[in-house]
>>> print(open('structure.txt').read())   # compact mmCIF, C-alpha atoms
# COMPACT_ATOMS: atom_id res chain seq x y z
CA MET A 1 -75.36 89.49 -33.44
CA ASN A 2 -72.79 88.76 -36.13
CA LEU A 3 -70.57 91.81 -36.78
CA SER A 4 -67.95 89.95 -38.84
CA GLY A 5 -68.70 92.03 -41.93
CA VAL A 6 -68.53 95.40 -40.16
CA PRO A 7 -65.27 97.37 -40.59
CA ALA A 8 -63.29 97.91 -37.39
CA GLY A 9 -64.09 101.14 -35.60
CA GLY A 10 -66.38 102.86 -33.09
CA TYR A 11 -70.18 102.78 -33.53
CA GLN A 12 -73.39 103.63 -31.65
CA TRP A 13 -76.06 101.05 -31.00
CA VAL A 14 -79.51 102.48 -31.91
CA LEU A 15 -82.98 101.00 -31.95
CA ARG A 16 -86.18 102.05 -33.62
CA VAL A 17 -89.55 100.29 -33.54
CA LYS A 18 -91.59 101.42 -36.51
CA ASN A 19 -95.32 102.12 -36.38
CA PRO A 20 -96.80 100.03 -39.24
CA LEU A 21 -99.26 102.90 -39.92
CA GLU A 22 -96.37 105.10 -41.08
CA THR A 23 -96.45 103.28 -44.41
CA VAL A 24 -100.00 104.40 -45.11
CA SER A 25 -100.19 107.84 -43.46
CA ALA A 26 -97.61 110.58 -42.99
CA ASN A 27 -99.62 111.68 -39.94
CA ALA A 28 -99.06 108.40 -38.10
CA LYS A 29 -97.20 108.94 -34.85
CA LYS A 30 -93.88 107.37 -34.21
CA LEU A 31 -93.77 104.75 -31.46
CA ARG A 32 -91.96 105.88 -28.33
CA PHE A 33 -90.47 104.08 -25.34
CA ALA A 34 -91.60 104.87 -21.82
CA ASN A 35 -89.04 106.49 -19.51
CA ALA A 36 -86.38 106.61 -22.24
CA GLY A 37 -84.73 109.45 -24.10
CA GLN A 38 -85.55 109.17 -27.75
CA GLY A 39 -84.93 111.35 -30.78
CA ALA A 40 -87.74 113.08 -32.56
CA ASP A 41 -87.18 110.76 -35.51
CA GLY A 42 -87.96 107.72 -33.35
CA TRP A 43 -84.43 106.36 -32.93
CA LEU A 44 -83.38 105.30 -29.41
CA GLY A 45 -79.64 105.44 -28.60
CA LEU A 46 -78.40 102.33 -26.75
CA GLY A 47 -74.73 103.27 -26.30
CA PRO A 48 -71.34 102.85 -27.99
CA VAL A 49 -69.81 99.66 -29.37
CA THR A 50 -66.31 98.99 -30.75
CA VAL A 51 -65.79 96.51 -33.58
CA GLY A 52 -62.41 94.92 -34.31
CA THR A 53 -59.16 94.63 -32.34
CA GLY A 54 -60.12 97.42 -30.01
CA GLY A 55 -63.18 95.56 -28.72
CA GLY A 56 -62.89 93.34 -25.66
CA THR A 57 -59.85 91.97 -23.82
CA ASP A 58 -58.63 88.36 -24.00
CA THR A 59 -57.60 87.31 -20.51
CA THR A 60 -57.86 83.54 -20.89
CA PRO A 61 -54.48 81.76 -21.05
CA PRO A 62 -53.86 78.65 -23.15
CA THR A 63 -53.92 75.24 -21.52
CA ALA A 64 -50.57 73.91 -20.29
CA PRO A 65 -48.62 71.76 -22.78
CA THR A 66 -48.68 68.05 -21.97
CA GLY A 67 -46.60 64.99 -22.80
CA LEU A 68 -43.23 66.77 -22.72
CA THR A 69 -40.51 64.28 -23.64
CA SER A 70 -37.04 64.10 -25.16
CA PRO A 71 -36.99 61.85 -28.23
CA SER A 72 -33.22 62.19 -28.72
CA ARG A 73 -30.06 63.77 -27.31
CA THR A 74 -26.36 64.05 -28.09
CA THR A 75 -23.35 65.07 -26.03
CA THR A 76 -24.26 68.75 -26.50
CA SER A 77 -27.97 68.91 -27.38
CA ALA A 78 -31.41 67.76 -26.25
CA ALA A 79 -34.45 67.45 -28.53
CA LEU A 80 -37.86 68.14 -26.95
CA SER A 81 -41.41 67.49 -28.12
CA TRP A 82 -44.84 67.91 -26.53
CA THR A 83 -48.57 67.83 -27.17
CA ALA A 84 -50.13 71.08 -28.36
CA SER A 85 -51.98 73.44 -26.03
CA THR A 86 -55.42 74.85 -26.81
CA ASP A 87 -56.66 78.45 -26.54
CA ASP A 88 -59.93 80.23 -27.24
CA ALA A 89 -58.18 82.59 -29.66
CA GLY A 90 -55.41 80.26 -30.81
CA VAL A 91 -51.93 79.48 -29.50
CA ALA A 92 -49.26 81.83 -30.83
CA GLY A 93 -46.23 79.84 -29.69
CA TYR A 94 -44.31 78.19 -26.87
CA ARG A 95 -41.56 79.29 -24.50
CA ILE A 96 -38.99 76.67 -23.52
CA TYR A 97 -37.31 76.80 -20.11
CA ARG A 98 -34.16 75.05 -18.89
CA GLY A 99 -34.63 75.22 -15.16
CA ALA A 100 -35.93 78.75 -14.51
CA THR A 101 -34.24 80.26 -17.59
CA GLN A 102 -36.03 80.70 -20.90
CA VAL A 103 -33.77 79.27 -23.59
CA GLY A 104 -35.95 79.71 -26.66
CA THR A 105 -39.35 79.85 -28.32
CA SER A 106 -41.05 77.66 -30.88
CA ALA A 107 -44.07 78.06 -33.13
CA THR A 108 -44.37 74.25 -33.31
CA THR A 109 -44.50 71.47 -30.72
CA SER A 110 -40.78 70.70 -30.83
CA TYR A 111 -37.49 72.36 -29.96
CA THR A 112 -33.80 71.42 -29.75
CA ASP A 113 -31.65 72.97 -27.05
CA THR A 114 -27.97 73.18 -28.03
CA GLY A 115 -24.66 74.21 -26.49
CA LEU A 116 -25.00 71.81 -23.56
CA SER A 117 -22.29 69.98 -21.63
CA PRO A 118 -21.72 66.21 -21.98
CA ALA A 119 -22.99 63.83 -19.30
CA THR A 120 -25.01 66.59 -17.63
CA SER A 121 -28.60 66.57 -16.33
CA TYR A 122 -30.97 69.30 -17.52
CA THR A 123 -34.62 69.81 -16.56
CA TYR A 124 -37.05 71.42 -19.02
CA THR A 125 -40.57 72.82 -18.96
CA VAL A 126 -42.66 74.48 -21.68
CA LYS A 127 -45.32 77.23 -21.51
CA ALA A 128 -47.77 78.24 -24.24
CA TYR A 129 -48.74 81.84 -25.01
CA ASP A 130 -51.39 83.51 -27.16
CA ALA A 131 -51.48 86.70 -29.23
CA ALA A 132 -52.88 88.69 -26.31
CA GLY A 133 -49.84 87.86 -24.19
CA ASN A 134 -51.54 85.35 -21.91
CA THR A 135 -49.18 82.58 -20.76
CA SER A 136 -50.16 79.08 -19.68
CA ALA A 137 -49.02 77.19 -16.64
CA ALA A 138 -45.83 75.20 -17.14
CA SER A 139 -45.89 71.68 -18.48
CA ALA A 140 -44.77 68.81 -16.29
CA PRO A 141 -40.94 68.79 -16.30
CA VAL A 142 -38.73 66.34 -18.14
CA THR A 143 -35.11 65.67 -17.20
CA VAL A 144 -32.59 64.90 -19.94
CA VAL A 145 -29.04 63.65 -19.43
CA THR A 146 -26.74 64.43 -22.34
CA LEU A 147 -24.51 61.65 -23.60
CA PRO A 148 -21.04 61.39 -22.11
CA SER A 149 -18.20 62.56 -24.33
CA SER A 150 -16.72 59.10 -23.95
CA ALA A 151 -19.78 57.48 -25.48
CA GLY A 152 -17.70 56.41 -28.47
CA GLY A 153 -16.74 52.83 -29.15
CA LEU A 154 -19.58 50.49 -30.03
CA VAL A 155 -22.95 51.68 -28.75
CA LEU A 156 -25.34 48.82 -28.08
CA ASP A 157 -28.15 51.22 -27.15
CA ASP A 158 -28.30 54.84 -25.96
CA PHE A 159 -32.13 54.82 -25.69
CA ASP A 160 -32.47 58.10 -27.57
CA GLY A 161 -35.72 57.02 -29.22
CA ASP A 162 -34.16 55.96 -32.51
CA PRO A 163 -34.93 53.09 -32.89
CA ALA A 164 -37.99 53.43 -30.66
CA TYR A 165 -38.06 51.08 -27.67
CA PRO A 166 -39.82 48.71 -27.38
CA SER A 167 -41.98 49.14 -30.50
CA ALA A 168 -39.12 48.84 -33.00
CA ALA A 169 -37.63 45.84 -31.12
CA ARG A 170 -34.20 46.93 -32.35
CA ASN A 171 -31.14 48.31 -30.58
CA ASP A 172 -28.55 50.69 -32.05
CA LEU A 173 -26.80 47.74 -33.71
CA GLY A 174 -30.03 46.97 -35.55
CA ARG A 175 -30.50 43.75 -33.61
CA TRP A 176 -33.33 42.50 -31.41
CA THR A 177 -34.04 43.97 -27.97
CA GLY A 178 -36.95 43.79 -25.55
CA GLY A 179 -38.13 43.09 -22.04
CA ASN A 180 -40.93 41.59 -20.00
CA CYS A 181 -42.41 41.39 -16.48
CA PHE A 182 -41.50 44.97 -15.53
CA LEU A 183 -44.05 47.17 -13.79
CA ASN A 184 -43.83 49.98 -16.37
CA GLY A 185 -44.00 50.28 -20.13
CA GLY A 186 -46.53 47.48 -20.46
CA GLY A 187 -43.97 45.05 -19.03
CA SER A 188 -41.08 46.08 -21.27
CA GLY A 189 -39.81 49.06 -19.27
CA ALA A 190 -40.14 52.60 -20.62
CA VAL A 191 -37.84 55.07 -22.33
CA SER A 192 -38.09 58.67 -21.10
CA GLY A 193 -35.62 61.54 -21.35
CA GLY A 194 -33.20 59.40 -23.36
CA ALA A 195 -32.90 56.59 -20.80
CA LEU A 196 -34.51 53.20 -20.16
CA SER A 197 -36.41 52.95 -16.87
CA LEU A 198 -36.96 49.42 -15.51
CA ARG A 199 -39.31 49.21 -12.52
CA TYR A 200 -39.42 45.77 -10.94
CA ASP A 201 -40.64 43.75 -7.97
CA ASN A 202 -38.69 40.47 -8.03
CA CYS A 203 -39.63 40.04 -11.67
CA GLY A 204 -38.22 41.47 -14.88
CA TRP A 205 -36.05 40.51 -17.83
CA PHE A 206 -34.27 42.67 -20.41
CA GLY A 207 -32.28 41.44 -23.40
CA SER A 208 -30.34 43.08 -26.23
CA ASP A 209 -28.57 41.07 -28.93
CA VAL A 210 -24.92 41.91 -29.56
CA ASN A 211 -23.82 39.12 -31.93
CA ALA A 212 -20.71 41.05 -33.00
CA ASP A 213 -17.01 40.43 -32.44
CA LEU A 214 -15.91 42.57 -29.48
CA SER A 215 -12.21 41.73 -29.72
CA ALA A 216 -11.38 45.39 -30.38
CA TYR A 217 -13.01 46.46 -27.10
CA THR A 218 -11.93 45.95 -23.51
CA HIS A 219 -14.90 47.08 -21.39
CA LEU A 220 -18.67 46.90 -21.17
CA VAL A 221 -19.81 50.34 -20.02
CA VAL A 222 -23.17 50.51 -18.26
CA ARG A 223 -24.30 54.05 -17.49
CA ILE A 224 -26.88 53.50 -14.74
CA LYS A 225 -28.54 54.87 -11.63
CA GLY A 226 -31.04 53.51 -9.13
CA ALA A 227 -34.06 54.97 -7.39
CA ALA A 228 -32.72 54.07 -3.94
CA GLY A 229 -29.12 52.96 -4.51
CA GLY A 230 -27.77 49.49 -3.87
CA GLU A 231 -29.69 47.87 -6.74
CA GLN A 232 -26.55 46.00 -7.89
CA ALA A 233 -27.76 43.05 -5.74
CA HIS A 234 -31.19 42.91 -7.42
CA PHE A 235 -30.27 41.63 -10.89
CA ASN A 236 -27.81 39.56 -12.83
CA LEU A 237 -26.11 40.36 -16.13
CA GLY A 238 -25.23 37.79 -18.74
CA LEU A 239 -22.86 38.27 -21.67
CA GLY A 240 -20.42 36.07 -23.61
CA GLY A 241 -21.01 32.91 -21.60
CA VAL A 242 -20.84 34.61 -18.19
CA SER A 243 -23.83 35.35 -15.96
CA ARG A 244 -23.57 36.70 -12.43
CA VAL A 245 -25.18 39.17 -10.05
CA PHE A 246 -24.25 42.65 -11.27
CA GLY A 247 -22.52 43.55 -8.02
CA ASP A 248 -20.28 40.47 -8.27
CA PHE A 249 -18.44 41.52 -11.43
CA THR A 250 -14.86 42.59 -10.86
CA LEU A 251 -13.83 46.10 -11.89
CA ASP A 252 -10.39 47.46 -12.69
CA GLY A 253 -8.49 47.65 -9.39
CA GLY A 254 -10.47 44.78 -7.84
CA GLY A 255 -13.62 46.66 -6.80
CA HIS A 256 -17.21 45.74 -7.62
CA PRO A 257 -20.13 47.64 -9.19
CA ALA A 258 -22.30 49.70 -6.84
CA VAL A 259 -25.44 51.38 -8.18
CA THR A 260 -26.11 54.83 -6.70
CA THR A 261 -28.88 57.40 -7.10
CA ALA A 262 -26.72 59.42 -9.51
CA TYR A 263 -25.65 58.32 -12.97
CA GLN A 264 -22.22 56.75 -13.22
CA ASP A 265 -20.34 54.81 -15.87
CA ILE A 266 -19.70 51.31 -14.53
CA ARG A 267 -16.88 49.88 -16.62
CA ILE A 268 -16.75 46.09 -16.53
CA PRO A 269 -13.52 44.59 -17.96
CA LEU A 270 -14.49 41.93 -20.47
CA ALA A 271 -11.44 39.63 -20.41
CA ALA A 272 -10.89 39.86 -16.64
CA ASN A 273 -14.45 38.62 -16.06
CA GLY A 274 -14.13 35.75 -18.53
CA ILE A 275 -16.53 37.21 -21.09
CA ASP A 276 -16.08 35.73 -24.57
CA ARG A 277 -15.47 38.80 -26.73
CA ALA A 278 -15.41 36.84 -29.98
CA SER A 279 -18.87 35.41 -29.38
CA PRO A 280 -20.73 37.62 -26.90
CA GLY A 281 -24.24 36.57 -27.96
CA GLN A 282 -26.89 38.50 -26.07
CA LEU A 283 -26.60 40.94 -23.17
CA ALA A 284 -29.33 39.94 -20.72
CA MET A 285 -30.42 41.20 -17.30
CA GLY A 286 -32.70 39.27 -14.94
CA PHE A 287 -34.37 40.80 -11.89
CA TRP A 288 -35.16 37.67 -9.89
CA TYR A 289 -33.30 38.30 -6.63
CA GLY A 290 -36.02 39.49 -4.29
CA GLY A 291 -35.55 43.22 -4.77
CA ASN A 292 -38.02 45.91 -5.79
CA SER A 293 -36.95 49.31 -7.10
CA THR A 294 -36.28 51.12 -10.36
CA VAL A 295 -33.01 51.25 -12.29
CA THR A 296 -32.51 53.71 -15.13
CA ILE A 297 -30.02 52.82 -17.86
CA ASP A 298 -28.74 55.77 -19.85
CA SER A 299 -26.60 53.77 -22.27
CA LEU A 300 -24.92 50.42 -22.93
CA SER A 301 -21.70 50.46 -24.91
CA PHE A 302 -18.36 48.71 -25.47
CA GLN A 303 -15.13 50.66 -25.26
>>> encode(input="structure.txt", output="structure tokens")
Amino acid sequence: MNLSGVPAGGYQWVLRVKNPLETVSANAKKLRFANAGQGADGWLGLGPVTVGTGGGTDTTPPTAPTGLTSPSRTTTSAALSWTASTDDAGVAGYRIYRGATQVGTSATTSYTDTGLSPATSYTYTVKAYDAAGNTSAASAPVTVVTLPSSAGGLVLDDFDGDPAYPSAARNDLGRWTGGNCFLNGGGSGAVSGGALSLRYDNCGWFGSDVNADLSAYTHLVVRIKGAAGGEQAHFNLGLGGVSRVFGDFTLDGGGHPAVTTAYQDIRIPLAANGIDRASPGQLAMGFWYGGNSTVTIDSLSFQ
């Protein structure tokens, strides 16, 4: 029964079945129900009903948000976006959590968390809620690493989603970038949480055009981590006429790069490794050395 036009309030359900003979004779008897209390006028009371906000209780929570990602980040902020939840009575908003702490709410499917520390990892989840106070399960988490405060200089790519990789095919210098043969991202690798993830099994190539004079810069800075550690032996890096296994480059002090499971800035001296700064060409990485793992590159820059 549609009660949408009835003003909110308390009512009594009643029922009366009319004797068709009542229309032709005042002496016609009113129909009565067996074993039921019924008024002398023929109306049968069925009980109370409440119309409006006082009727019924919504106990169904919204569905959990999906597709939580971070399209961009800075040294002190992280932007978040997700796919909308659904609810039988409508979603009222979303609560955003950094770890176990609620840091804000949003009426839309996006939020920017501010006041963060540079080069720091933060994990976020989102929950939806409705007007009745029901709260959904948490979304799948996303981890975001804010940019390091030293991310100045010339940024080749910080993989913050602008330009979008790989669809835009452009790095932060506005020049070509792309990849192939990786096991994720349709072969190109995938950007998530502001970093490029490259999953490989003895096959994979990534390139990003520099084509700019680097004479004002002294180091290539690769902010990177590996799924297992030790991935420096799995790929080579080419730049400015030099190509060698990543772990064979010489660092300041005579050491060599070592990829670990935590992010670190690996600073490769350009001149000391014979890299032509005046004509660097393309930065390229080839994963043809028998290894299988995942490396995640947070940023590529020259300082």
>>> closest_residue(input="structure.txt", among="A:Tyr122, A:Tyr129, A:Phe159, A:Tyr111", to="A:Asp87", atoms="only C-alpha atoms")
A:Tyr129
>>> closest_atom_pairs(input="structure.txt", of="stretch 118-151 of chain A", to="stretch 184-193 of chain A", cutoff="8 Å", atoms="all atoms listed in the file", output="CSV")
residue,atom,partner,partner_atom,distance
A:Val142,CA,A:Gly193,CA,6.6
A:Thr143,CA,A:Gly193,CA,5.9
A:Val144,CA,A:Gly193,CA,4.7
A:Val145,CA,A:Gly193,CA,7.2
>>> closest_residue(input="structure.txt", among="A:Leu198, A:Ala271, A:Leu80, A:Ala140", to="A:Ser215", atoms="only C-alpha atoms")
A:Ala271
>>> axis_aligned_box(input="structure.txt", around="stretch 150-164 of chain A", padding_each_side="3 Å", output="JSON")
{"center_x": -27.4, "center_y": 54.0, "center_z": -28.4, "size_x": 27.3, "size_y": 16.3, "size_z": 14.9}
>>> closest_residue(input="structure.txt", among="A:Ala258, A:Leu283, A:Leu270, A:Ala278", to="A:Phe246", atoms="only C-alpha atoms")
A:Ala258
>>> closest_residue(input="structure.txt", among="A:Ser77, A:Thr57, A:Thr261, A:Thr125", to="A:Arg98", atoms="only C-alpha atoms")
A:Thr125
>>> closest_residue(input="structure.txt", among="A:Ser81, A:Ser243, A:Thr75, A:Ser70", to="A:Gly161", atoms="only C-alpha atoms")
A:Ser70
>>> atom_distance(input="structure.txt", atom1="atom CA of A:His219", atom2="atom CA of A:Leu196")
20.6 Å
>>> closest_residue(input="structure.txt", among="A:Ala131, A:Thr76, A:Ser208, A:Asp201", to="A:Pro166", atoms="only C-alpha atoms")
A:Ser208
>>> residues_around(input="structure.txt", residues="A:Gly240", least_positions_apart="2", cutoff="10 Å", atoms="only C-alpha atoms", output="PDB file with C-alpha atoms, in the coordinates of the input")
ATOM      1  CA  VAL A 210     -24.920  41.910 -29.560  1.00  0.00           C
ATOM      2  CA  ASN A 211     -23.820  39.120 -31.930  1.00  0.00           C
ATOM      3  CA  LEU A 214     -15.910  42.570 -29.480  1.00  0.00           C
ATOM      4  CA  GLY A 238     -25.230  37.790 -18.740  1.00  0.00           C
ATOM      5  CA  VAL A 242     -20.840  34.610 -18.190  1.00  0.00           C
ATOM      6  CA  SER A 243     -23.830  35.350 -15.960  1.00  0.00           C
ATOM      7  CA  LEU A 270     -14.490  41.930 -20.470  1.00  0.00           C
ATOM      8  CA  ASN A 273     -14.450  38.620 -16.060  1.00  0.00           C
ATOM      9  CA  GLY A 274     -14.130  35.750 -18.530  1.00  0.00           C
ATOM     10  CA  ILE A 275     -16.530  37.210 -21.090  1.00  0.00           C
ATOM     11  CA  ASP A 276     -16.080  35.730 -24.570  1.00  0.00           C
ATOM     12  CA  ARG A 277     -15.470  38.800 -26.730  1.00  0.00           C
ATOM     13  CA  ALA A 278     -15.410  36.840 -29.980  1.00  0.00           C
ATOM     14  CA  SER A 279     -18.870  35.410 -29.380  1.00  0.00           C
ATOM     15  CA  PRO A 280     -20.730  37.620 -26.900  1.00  0.00           C
ATOM     16  CA  GLY A 281     -24.240  36.570 -27.960  1.00  0.00           C
ATOM     17  CA  GLN A 282     -26.890  38.500 -26.070  1.00  0.00           C
ATOM     18  CA  LEU A 283     -26.600  40.940 -23.170  1.00  0.00           C
TER      19      LEU A 283
END
>>> residues_around(input="structure.txt", residues="A:Gly133", least_positions_apart="2", cutoff="12 Å", atoms="all atoms listed in the file", output="ChimeraX atom specification")
/A:57-62,87,89-95,127-131,135-136
>>> atom_distance(input="structure.txt", atom1="atom CA of A:Gly229", atom2="atom CA of A:Asn180")
22.6 Å
>>> atom_distance(input="structure.txt", atom1="atom CA of A:Trp205", atom2="atom CA of A:Tyr263")
21.2 Å
>>> residues_near_point(input="structure.txt", point="(-34.0, 44.2, -23.9)", cutoff="7 Å", atoms="all atoms listed in the file", output="list in words")
Thr177, Gly178, Gly179, Phe206, Gly207 and Ser208 of chain A
>>> residues_around(input="structure.txt", residues="A:Ile96", least_positions_apart="3", cutoff="6 Å", atoms="only C-alpha atoms", output="list of chain:residue names")
A:Gln102, A:Val103, A:Gly104, A:Thr105, A:Val126
>>> build_atoms(input="structure.txt", residues="stretch 120-140 of chain A", atoms="N, CA, C and O atoms", output="mmCIF file, keeping the file's coordinate frame")
data_model
loop_
_atom_site.group_PDB
_atom_site.id
_atom_site.type_symbol
_atom_site.label_atom_id
_atom_site.label_comp_id
_atom_site.auth_asym_id
_atom_site.auth_seq_id
_atom_site.Cartn_x
_atom_site.Cartn_y
_atom_site.Cartn_z
ATOM 1 N N THR A 120 -24.457 65.611 -18.571
ATOM 2 C CA THR A 120 -25.010 66.590 -17.630
ATOM 3 C C THR A 120 -26.537 66.511 -17.645
ATOM 4 O O THR A 120 -27.145 66.326 -18.696
ATOM 5 N N SER A 121 -27.146 66.640 -16.469
ATOM 6 C CA SER A 121 -28.600 66.570 -16.330
ATOM 7 C C SER A 121 -29.222 67.956 -16.476
ATOM 8 O O SER A 121 -28.763 68.916 -15.836
ATOM 9 N N TYR A 122 -30.245 68.049 -17.310
ATOM 10 C CA TYR A 122 -30.970 69.300 -17.520
ATOM 11 C C TYR A 122 -32.472 69.031 -17.380
ATOM 12 O O TYR A 122 -32.972 68.007 -17.863
ATOM 13 N N THR A 123 -33.182 69.949 -16.748
ATOM 14 C CA THR A 123 -34.620 69.810 -16.560
ATOM 15 C C THR A 123 -35.340 70.907 -17.352
ATOM 16 O O THR A 123 -34.992 72.084 -17.242
ATOM 17 N N TYR A 124 -36.342 70.499 -18.126
ATOM 18 C CA TYR A 124 -37.050 71.420 -19.020
ATOM 19 C C TYR A 124 -38.537 71.478 -18.696
ATOM 20 O O TYR A 124 -39.134 70.493 -18.253
ATOM 21 N N THR A 125 -39.126 72.640 -18.939
ATOM 22 C CA THR A 125 -40.570 72.820 -18.960
ATOM 23 C C THR A 125 -40.922 73.698 -20.158
ATOM 24 O O THR A 125 -40.049 74.379 -20.720
ATOM 25 N N VAL A 126 -42.198 73.691 -20.539
ATOM 26 C CA VAL A 126 -42.660 74.480 -21.680
ATOM 27 C C VAL A 126 -43.945 75.198 -21.276
ATOM 28 O O VAL A 126 -44.796 74.627 -20.574
ATOM 29 N N LYS A 127 -44.096 76.461 -21.718
ATOM 30 C CA LYS A 127 -45.320 77.230 -21.510
ATOM 31 C C LYS A 127 -45.833 77.707 -22.864
ATOM 32 O O LYS A 127 -45.047 78.086 -23.734
ATOM 33 N N ALA A 128 -47.145 77.712 -23.019
ATOM 34 C CA ALA A 128 -47.770 78.240 -24.240
ATOM 35 C C ALA A 128 -48.191 79.691 -24.015
ATOM 36 O O ALA A 128 -48.472 80.100 -22.885
ATOM 37 N N TYR A 129 -48.235 80.465 -25.102
ATOM 38 C CA TYR A 129 -48.740 81.840 -25.010
ATOM 39 C C TYR A 129 -49.613 82.140 -26.227
ATOM 40 O O TYR A 129 -49.495 81.500 -27.278
ATOM 41 N N ASP A 130 -50.523 83.126 -26.048
ATOM 42 C CA ASP A 130 -51.390 83.510 -27.160
ATOM 43 C C ASP A 130 -51.068 84.929 -27.616
ATOM 44 O O ASP A 130 -50.183 85.591 -27.054
ATOM 45 N N ALA A 131 -51.785 85.401 -28.638
ATOM 46 C CA ALA A 131 -51.480 86.700 -29.230
ATOM 47 C C ALA A 131 -51.735 87.850 -28.276
ATOM 48 O O ALA A 131 -51.161 88.930 -28.423
ATOM 49 N N ALA A 132 -52.589 87.633 -27.277
ATOM 50 C CA ALA A 132 -52.880 88.690 -26.310
ATOM 51 C C ALA A 132 -51.851 88.762 -25.197
ATOM 52 O O ALA A 132 -51.946 89.628 -24.320
ATOM 53 N N GLY A 133 -50.874 87.846 -25.218
ATOM 54 C CA GLY A 133 -49.840 87.860 -24.190
ATOM 55 C C GLY A 133 -50.133 86.996 -22.994
ATOM 56 O O GLY A 133 -49.354 86.981 -22.033
ATOM 57 N N ASN A 134 -51.235 86.254 -23.020
ATOM 58 C CA ASN A 134 -51.540 85.350 -21.910
ATOM 59 C C ASN A 134 -50.626 84.135 -21.974
ATOM 60 O O ASN A 134 -50.393 83.582 -23.058
ATOM 61 N N THR A 135 -50.112 83.700 -20.827
ATOM 62 C CA THR A 135 -49.180 82.580 -20.760
ATOM 63 C C THR A 135 -49.769 81.460 -19.913
ATOM 64 O O THR A 135 -50.351 81.705 -18.854
ATOM 65 N N SER A 136 -49.610 80.244 -20.388
ATOM 66 C CA SER A 136 -50.160 79.080 -19.680
ATOM 67 C C SER A 136 -49.306 78.718 -18.471
ATOM 68 O O SER A 136 -48.196 79.225 -18.279
ATOM 69 N N ALA A 137 -49.831 77.816 -17.675
ATOM 70 C CA ALA A 137 -49.020 77.190 -16.640
ATOM 71 C C ALA A 137 -47.949 76.326 -17.315
ATOM 72 O O ALA A 137 -48.065 75.984 -18.499
ATOM 73 N N ALA A 138 -46.914 76.004 -16.579
ATOM 74 C CA ALA A 138 -45.830 75.200 -17.140
ATOM 75 C C ALA A 138 -46.259 73.751 -17.317
ATOM 76 O O ALA A 138 -47.109 73.232 -16.580
ATOM 77 N N SER A 139 -45.684 73.110 -18.307
ATOM 78 C CA SER A 139 -45.890 71.680 -18.480
ATOM 79 C C SER A 139 -45.231 70.926 -17.318
ATOM 80 O O SER A 139 -44.451 71.494 -16.539
ATOM 81 N N ALA A 140 -45.527 69.656 -17.218
ATOM 82 C CA ALA A 140 -44.770 68.810 -16.290
ATOM 83 C C ALA A 140 -43.320 68.767 -16.774
ATOM 84 O O ALA A 140 -43.068 68.764 -17.987
#
